[in-house]
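Heads up, the thing below is written out as structure tokens.
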Amino acid sequence: MIDEVIVETKNLNWSYNETKVLDNVSIDIQFGTFTGILGPNGAGKTTLLKLILNLLKVEKNSILIRGKDIKNYSRKELARIEAYVPQSIKMDFNFTVEQVVLMGRTPFLGRFDRESGRDFEIAEWAMKETGVLGLKNKLITQLSGGELQRVVIARALTQEPIIMALDEPTSHLDIHHQINILSILRSLAKKEGLTIVAVLHDVNHALEYCNNIFLLDQGKIVDSGSPEKVITPEVMKNVYNLDVNIKKNPFTGNPYIVHDYA
Amino acid sequence: MISGKYKKTVFLLLLIILLVTIVIAGSLGSARISFPDVVRIIIEPITPMSIENSNIKETSRIIIWKIRLPRIILTVIAGMGLGVSGAVFQGIFRNPMANPYILGISSGAAFGVTLGMTMGLQITFLGIGAIPISAFIGAISASVIVYLISGGGRDILPLLLSGIAMGFLLSALMSLLMYFNRSQLENIVYWTMGSFNAASWQKVIITAPVILSGSFFIIIFARDLNLMVLGEDSANSLGISVKKSRLIFLLVSTFITASAVAVSGVIGFVGLIVPHAMRIITGPDHRTLIPYSMFGGAILLLTSDTLARTIIAPTEIPVGIVTSLLGAPFFLFLLNRMRNTK
């Protein structure tokens, strides 16, 4: 892990139709970390993620990517640094898996370029990393939710990004595929030095996988730091209005929360 | 779907089918001209050596060059335009069931023509008469208004719904005008059915540059359409500016469609069916889909127009009726096929 702040927001404010969604949010994300953005529904997590991807309009000098104002990047330049994995994708067109993954090479291609051998190699590597190489020639419309999510991650990986930003990457998946996706992401962070920024709903996933989390509530940062430090019974009560106990996972030795189901 | 290495071969095949259809269309009609004669007459001016052509009747030459060829070329150009813009609209709206008339182009053109006819408009521009001009202006204005009232294309759904609303509004206004000007009723209704019987070289010269250069432009930018199909955020995060690309695509394909409609009337189903059929053959990659749709559209429209003018000759059926008669069942077939594969 290199000690470099790769994403920084400075007193970030954002409103949607007069309603304040983000209120004075200042975060910094370190290079090579698995960073989680947590918080209850409507806390502003997705908005924060989209802002650091320049998918929503933002004021000057409120977001810096590698020390440079996000507004000074062209879309193409930014696409070589940041890749985005949306929450869900709807697709009515019969692209093959390989075609979709190759689209990740777009920021590196000129207007008249076709994908070269190297582009195909990178796509192949990305499909291997995410375990979808066997689905290469399958149609995207015929995939299951878990397969589709891995294909979208493969496409993001094909961008050879420094940061991969994911919006609830496990929200439509069963428990096996949830763990599968998160483990793939963790190994990419370790092996490739990829910085992962993920909006997560499951607090236990954050406790298990994240190096660092930002806990949002009503548009404000409640706390940040290592998940075991941030997630306490008091915080869970305040933010989620939930009584929890913190236990130790016998498999991994990491903390996890349990709560009453009343 | 055919694999990558056959894509060029199949494209060549489409080109050959188009050329054969042109020869057949040139041959058929009230005066039958043999296939070899059609070929000889067409290539005569462009071959340096003189061909053995003494046995070709001068009337055949006149029929081909003055009557059939301008109509054939105009049909081919319009078919190309409708095929390309159909594929573009389906890509922009991320909906394989979209068509080029979705922004109210057809109703705009029809309203323009109705207004022109009922007012007895008598203008000409570059040798083009009042009807195509009023159709073109009506088509462009309707699309621009739809674009503006739906918030400048910020989202695709309002664009789609505004287009539908505009269509209803203009149809109602058109009916109103027709109701009070019954003397023009027949002409208006006949125009809306679509026909190439008023084709001329002048119309070819005006429409060809718009449609061909527009299509060429779209082919160059076709990769952006692939990304736009993924959704706006995904496309933006892959380095293209969706809002800008969408506006450019809409603008170019609106001009293409309006030019086709202006010289032929409202011809349904070509822009819907052709990209669909081509997608089955070549897959959804717009870099191949657009050129395929261009030639597919030309073949379908030329075949339909040749049927329209020969099937119960000497009476001519409006070509829009033929394309709809062929297109609607095919559309239902596709719908059924999609439901079964899902």
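Identifiers for the structure tokens are assigned positionally: chains receive A, B, ... in sequence, residues are indexed from 1 per chain, and ligands are indexed from 1 in the order shown.
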
Sorted by chain and rising residue number, list the residues of chain A at most 10 Å from chain B (counting only C-alpha atoms), each with its closest atom pair and distance in Å to one decimal, as a tab-separated table.
residue	atom	partner	partner_atom	distance
A:Lys50	CA	B:Asp233	CA	8.6
A:Leu53	CA	B:Ser237	CA	7.0
A:Asn54	CA	B:Ser237	CA	8.0
A:Leu55	CA	B:Asp233	CA	6.4
A:Leu56	CA	B:Asp233	CA	9.4
A:Ser74	CA	B:Gly239	CA	7.9
A:Arg75	CA	B:Gly239	CA	4.5
A:Lys76	CA	B:Gly239	CA	3.9
A:Glu77	CA	B:Gly239	CA	7.3
A:Leu78	CA	B:Gly239	CA	7.1
A:Ala79	CA	B:Gly239	CA	5.1
A:Arg80	CA	B:Gly239	CA	8.2
A:Glu82	CA	B:Ser237	CA	7.6
A:Ala83	CA	B:Ser237	CA	6.5
A:Tyr84	CA	B:Ser237	CA	6.2
A:Val85	CA	B:Ser234	CA	7.6
A:Pro86	CA	B:Ser234	CA	7.2
A:Ile89	CA	B:Leu230	CA	7.3
A:Lys90	CA	B:Leu230	CA	7.6
A:Met91	CA	B:Leu230	CA	6.8
A:Asp92	CA	B:Asn95	CA	6.8
A:Phe93	CA	B:Pro284	CA	6.2
A:Asn94	CA	B:Pro284	CA	6.1
A:Phe95	CA	B:Pro284	CA	5.9
A:Thr96	CA	B:Gly283	CA	8.6
A:Gln99	CA	B:Asp285	CA	8.1
A:Val100	CA	B:Leu230	CA	8.8
A:Met103	CA	B:Leu227	CA	7.1
A:Gly104	CA	B:Leu238	CA	6.7
A:Arg105	CA	B:Leu238	CA	8.3
A:Thr106	CA	B:Leu238	CA	6.5
A:Pro107	CA	B:Gly239	CA	5.5
A:Phe108	CA	B:Gly239	CA	9.3
A:Arg111	CA	B:Ile220	CA	7.4
A:Phe112	CA	B:Ile220	CA	7.2
A:Arg114	CA	B:Arg223	CA	9.8
A:Leu139	CA	B:Gly283	CA	10.0
A:Thr141	CA	B:Lys342	CA	8.1
A:Gln142	CA	B:Lys342	CA	7.8
A:Val152	CA	B:Ser234	CA	9.8
A:Arg155	CA	B:Leu238	CA	9.8
A:Ala156	CA	B:Leu238	CA	8.7
A:Gln159	CA	B:Leu238	CA	8.1

**OP:** Determine which residues of segment 135-185 of chain A DSSP labels as strand (DSSP E) from the backbone of this structure, then write them out as a PyMOL selection string.
**Re:** chain A and resi 163-167

Got time to write the residues from that selection, C-alpha atoms, as a PDB file, in the first residue's frame?
ATOM      1  CA  ILE A 163      -9.890   3.143  -8.783  1.00  0.00           C
ATOM      2  CA  MET A 164     -12.887   0.885  -9.151  1.00  0.00           C
ATOM      3  CA  ALA A 165     -16.105   2.392  -7.805  1.00  0.00           C
ATOM      4  CA  LEU A 166     -18.969  -0.011  -7.187  1.00  0.00           C
ATOM      5  CA  ASP A 167     -22.527   0.762  -6.164  1.00  0.00           C
TER       6      ASP A 167
END

Subject >> Surrounding residues of Ile52 of chain A excluding itself and chain neighbours under 6 positions, 8 Å, only C-alpha atoms, as a PyMOL selection string >> reply: chain A and resi 7+63+70

Pull C-alpha atoms from the residues just selected and write them as a JSON list (two decimals), in the first residue's frame.
[["chain", "number", "residue", "atom", "x", "y", "z"],
["A", 7, "VAL", "CA", -9.59, 10.70, -4.01],
["A", 63, "ILE", "CA", -13.23, 16.87, -5.49],
["A", 70, "ILE", "CA", -11.98, 16.47, -11.12]]

Subject >> Shell around Val76 of chain B at 10 Å using only C-alpha atoms, local window under 6 positions removed, as a VMD selection string >> reply: chain B and resid 18 22 70 82 204 208 294 to 303 305

Output the selection as a PDB file, in the first residue's frame - N, CA and C atoms for each residue.
ATOM      1  N   LEU B  18     -28.429  -6.105 -53.474  1.00  0.00           N
ATOM      2  CA  LEU B  18     -28.937  -4.776 -53.817  1.00  0.00           C
ATOM      3  C   LEU B  18     -28.763  -4.503 -55.307  1.00  0.00           C
ATOM      4  N   ILE B  22     -31.647  -3.883 -58.078  1.00  0.00           N
ATOM      5  CA  ILE B  22     -31.691  -2.688 -58.928  1.00  0.00           C
ATOM      6  C   ILE B  22     -31.931  -3.085 -60.383  1.00  0.00           C
ATOM      7  N   PRO B  70     -34.032   7.186 -61.726  1.00  0.00           N
ATOM      8  CA  PRO B  70     -34.166   8.166 -60.629  1.00  0.00           C
ATOM      9  C   PRO B  70     -35.025   7.634 -59.489  1.00  0.00           C
ATOM     10  N   LEU B  82     -33.643   5.337 -43.839  1.00  0.00           N
ATOM     11  CA  LEU B  82     -34.563   4.801 -42.826  1.00  0.00           C
ATOM     12  C   LEU B  82     -33.915   3.664 -42.044  1.00  0.00           C
ATOM     13  N   VAL B 204     -33.055  13.243 -56.019  1.00  0.00           N
ATOM     14  CA  VAL B 204     -31.887  12.420 -55.686  1.00  0.00           C
ATOM     15  C   VAL B 204     -30.719  13.327 -55.305  1.00  0.00           C
ATOM     16  N   ALA B 208     -29.558  12.734 -51.542  1.00  0.00           N
ATOM     17  CA  ALA B 208     -28.411  11.827 -51.430  1.00  0.00           C
ATOM     18  C   ALA B 208     -27.285  12.386 -50.551  1.00  0.00           C
ATOM     19  N   MET B 294     -28.087  -0.034 -43.416  1.00  0.00           N
ATOM     20  CA  MET B 294     -28.107   0.866 -44.560  1.00  0.00           C
ATOM     21  C   MET B 294     -28.475   0.079 -45.829  1.00  0.00           C
ATOM     22  N   PHE B 295     -27.796  -1.034 -46.044  1.00  0.00           N
ATOM     23  CA  PHE B 295     -28.046  -1.817 -47.256  1.00  0.00           C
ATOM     24  C   PHE B 295     -29.329  -2.637 -47.127  1.00  0.00           C
ATOM     25  N   GLY B 296     -29.614  -3.126 -45.923  1.00  0.00           N
ATOM     26  CA  GLY B 296     -30.860  -3.866 -45.709  1.00  0.00           C
ATOM     27  C   GLY B 296     -32.070  -2.989 -46.000  1.00  0.00           C
ATOM     28  N   GLY B 297     -32.002  -1.740 -45.534  1.00  0.00           N
ATOM     29  CA  GLY B 297     -33.092  -0.799 -45.774  1.00  0.00           C
ATOM     30  C   GLY B 297     -33.296  -0.539 -47.257  1.00  0.00           C
ATOM     31  N   ALA B 298     -32.182  -0.383 -47.967  1.00  0.00           N
ATOM     32  CA  ALA B 298     -32.252  -0.127 -49.405  1.00  0.00           C
ATOM     33  C   ALA B 298     -32.896  -1.308 -50.125  1.00  0.00           C
ATOM     34  N   ILE B 299     -32.480  -2.533 -49.764  1.00  0.00           N
ATOM     35  CA  ILE B 299     -33.025  -3.726 -50.427  1.00  0.00           C
ATOM     36  C   ILE B 299     -34.523  -3.855 -50.142  1.00  0.00           C
ATOM     37  N   LEU B 300     -34.907  -3.713 -48.870  1.00  0.00           N
ATOM     38  CA  LEU B 300     -36.315  -3.877 -48.510  1.00  0.00           C
ATOM     39  C   LEU B 300     -37.192  -2.835 -49.201  1.00  0.00           C
ATOM     40  N   LEU B 301     -36.738  -1.577 -49.180  1.00  0.00           N
ATOM     41  CA  LEU B 301     -37.584  -0.530 -49.743  1.00  0.00           C
ATOM     42  C   LEU B 301     -37.666  -0.634 -51.267  1.00  0.00           C
ATOM     43  N   LEU B 302     -36.552  -0.982 -51.904  1.00  0.00           N
ATOM     44  CA  LEU B 302     -36.584  -1.109 -53.366  1.00  0.00           C
ATOM     45  C   LEU B 302     -37.467  -2.287 -53.782  1.00  0.00           C
ATOM     46  N   THR B 303     -37.367  -3.389 -53.064  1.00  0.00           N
ATOM     47  CA  THR B 303     -38.223  -4.540 -53.357  1.00  0.00           C
ATOM     48  C   THR B 303     -39.690  -4.148 -53.176  1.00  0.00           C
ATOM     49  N   ASP B 305     -41.041  -1.172 -53.278  1.00  0.00           N
ATOM     50  CA  ASP B 305     -41.499  -0.200 -54.273  1.00  0.00           C
ATOM     51  C   ASP B 305     -41.711  -0.854 -55.636  1.00  0.00           C
TER      52      ASP B 305
END

**OP:** Write out as a PyMOL selection string all residues of segment 65-210 of chain A that backbone DSSP assigns to alpha helix (DSSP H).
**Re:** chain A and resi 75-79+97-102+117-129+145-158+175-192+203-209

Original post:
Quick one: residues within 8 Å of segment 131-148 of chain B, only C-alpha atoms counted, chain neighbours fewer than 2 positions away excluded, as an MDAnalysis selection string?
Top reply: chainID B and resid 103:113 115:117 124:125 128:129 150:153 159 162:163 166 254:255 258:259 261:263

Expected file: the selected residues, N, CA and C atoms, as a short mmCIF file (atom, residue, chain, number, x, y, z; two decimals), in the first residue's frame:
data_model
loop_
_atom_site.label_atom_id
_atom_site.label_comp_id
_atom_site.auth_asym_id
_atom_site.auth_seq_id
_atom_site.Cartn_x
_atom_site.Cartn_y
_atom_site.Cartn_z
N LEU B 103 -39.83 10.62 -32.57
CA LEU B 103 -39.86 12.00 -32.09
C LEU B 103 -40.89 12.85 -32.84
N GLY B 104 -41.81 12.20 -33.51
CA GLY B 104 -42.86 12.94 -34.18
C GLY B 104 -42.49 13.42 -35.58
N ILE B 105 -41.46 12.81 -36.16
CA ILE B 105 -41.03 13.22 -37.51
C ILE B 105 -42.13 12.98 -38.54
N SER B 106 -42.76 11.80 -38.47
CA SER B 106 -43.75 11.47 -39.49
C SER B 106 -44.99 12.35 -39.36
N SER B 107 -45.45 12.54 -38.11
CA SER B 107 -46.64 13.37 -37.95
C SER B 107 -46.32 14.83 -38.25
N GLY B 108 -45.09 15.24 -37.93
CA GLY B 108 -44.65 16.60 -38.26
C GLY B 108 -44.66 16.82 -39.76
N ALA B 109 -44.12 15.83 -40.49
CA ALA B 109 -44.08 15.93 -41.95
C ALA B 109 -45.50 15.94 -42.52
N ALA B 110 -46.34 15.03 -42.01
CA ALA B 110 -47.72 14.94 -42.52
C ALA B 110 -48.47 16.23 -42.24
N PHE B 111 -48.25 16.79 -41.04
CA PHE B 111 -48.91 18.05 -40.71
C PHE B 111 -48.41 19.16 -41.62
N GLY B 112 -47.10 19.18 -41.86
CA GLY B 112 -46.52 20.19 -42.76
C GLY B 112 -47.14 20.12 -44.14
N VAL B 113 -47.26 18.89 -44.65
CA VAL B 113 -47.83 18.71 -45.98
C VAL B 113 -49.29 19.15 -46.00
N LEU B 115 -50.77 21.29 -44.06
CA LEU B 115 -50.83 22.75 -43.98
C LEU B 115 -50.49 23.37 -45.34
N GLY B 116 -49.42 22.85 -45.97
CA GLY B 116 -49.00 23.36 -47.27
C GLY B 116 -50.09 23.20 -48.31
N MET B 117 -50.71 22.02 -48.34
CA MET B 117 -51.72 21.74 -49.36
C MET B 117 -52.98 22.57 -49.14
N THR B 124 -41.07 26.81 -54.62
CA THR B 124 -40.10 25.80 -55.03
C THR B 124 -38.72 26.26 -54.57
N PHE B 125 -37.87 25.28 -54.30
CA PHE B 125 -36.53 25.59 -53.83
C PHE B 125 -35.58 24.56 -54.42
N ILE B 128 -37.17 21.79 -56.08
CA ILE B 128 -38.00 20.91 -55.26
C ILE B 128 -39.31 21.64 -54.98
N GLY B 129 -40.41 20.90 -55.07
CA GLY B 129 -41.72 21.53 -54.95
C GLY B 129 -42.16 21.78 -53.52
N SER B 150 -38.98 18.42 -23.88
CA SER B 150 -38.67 17.30 -22.98
C SER B 150 -37.40 17.56 -22.20
N GLY B 151 -36.99 18.83 -22.14
CA GLY B 151 -35.85 19.18 -21.30
C GLY B 151 -34.51 18.95 -21.96
N GLY B 152 -34.45 19.14 -23.27
CA GLY B 152 -33.16 19.05 -23.97
C GLY B 152 -32.53 17.68 -23.93
N GLY B 153 -33.38 16.64 -23.89
CA GLY B 153 -32.85 15.28 -23.97
C GLY B 153 -32.04 14.88 -22.75
N LEU B 159 -38.38 12.24 -23.49
CA LEU B 159 -38.22 12.44 -24.93
C LEU B 159 -39.20 11.54 -25.69
N SER B 162 -42.87 12.68 -24.92
CA SER B 162 -43.19 13.92 -25.62
C SER B 162 -43.40 13.65 -27.10
N GLY B 163 -42.59 12.74 -27.64
CA GLY B 163 -42.73 12.38 -29.05
C GLY B 163 -44.10 11.79 -29.33
N MET B 166 -46.73 14.56 -29.02
CA MET B 166 -46.65 15.43 -30.19
C MET B 166 -47.31 14.77 -31.40
N THR B 254 -32.31 12.73 -37.39
CA THR B 254 -33.54 13.46 -37.70
C THR B 254 -33.46 14.05 -39.11
N PHE B 255 -32.31 14.61 -39.47
CA PHE B 255 -32.14 15.15 -40.82
C PHE B 255 -32.25 14.05 -41.87
N ALA B 258 -35.98 12.97 -41.98
CA ALA B 258 -36.81 14.02 -42.57
C ALA B 258 -36.59 14.10 -44.08
N SER B 259 -35.34 13.91 -44.53
CA SER B 259 -35.07 13.94 -45.97
C SER B 259 -35.77 12.79 -46.67
N VAL B 261 -38.46 11.13 -45.62
CA VAL B 261 -39.91 11.33 -45.55
C VAL B 261 -40.35 12.41 -46.54
N ALA B 262 -39.53 13.44 -46.66
CA ALA B 262 -39.90 14.55 -47.55
C ALA B 262 -40.09 14.11 -48.99
N VAL B 263 -39.28 13.16 -49.46
CA VAL B 263 -39.39 12.75 -50.86
C VAL B 263 -40.25 11.52 -51.07
#
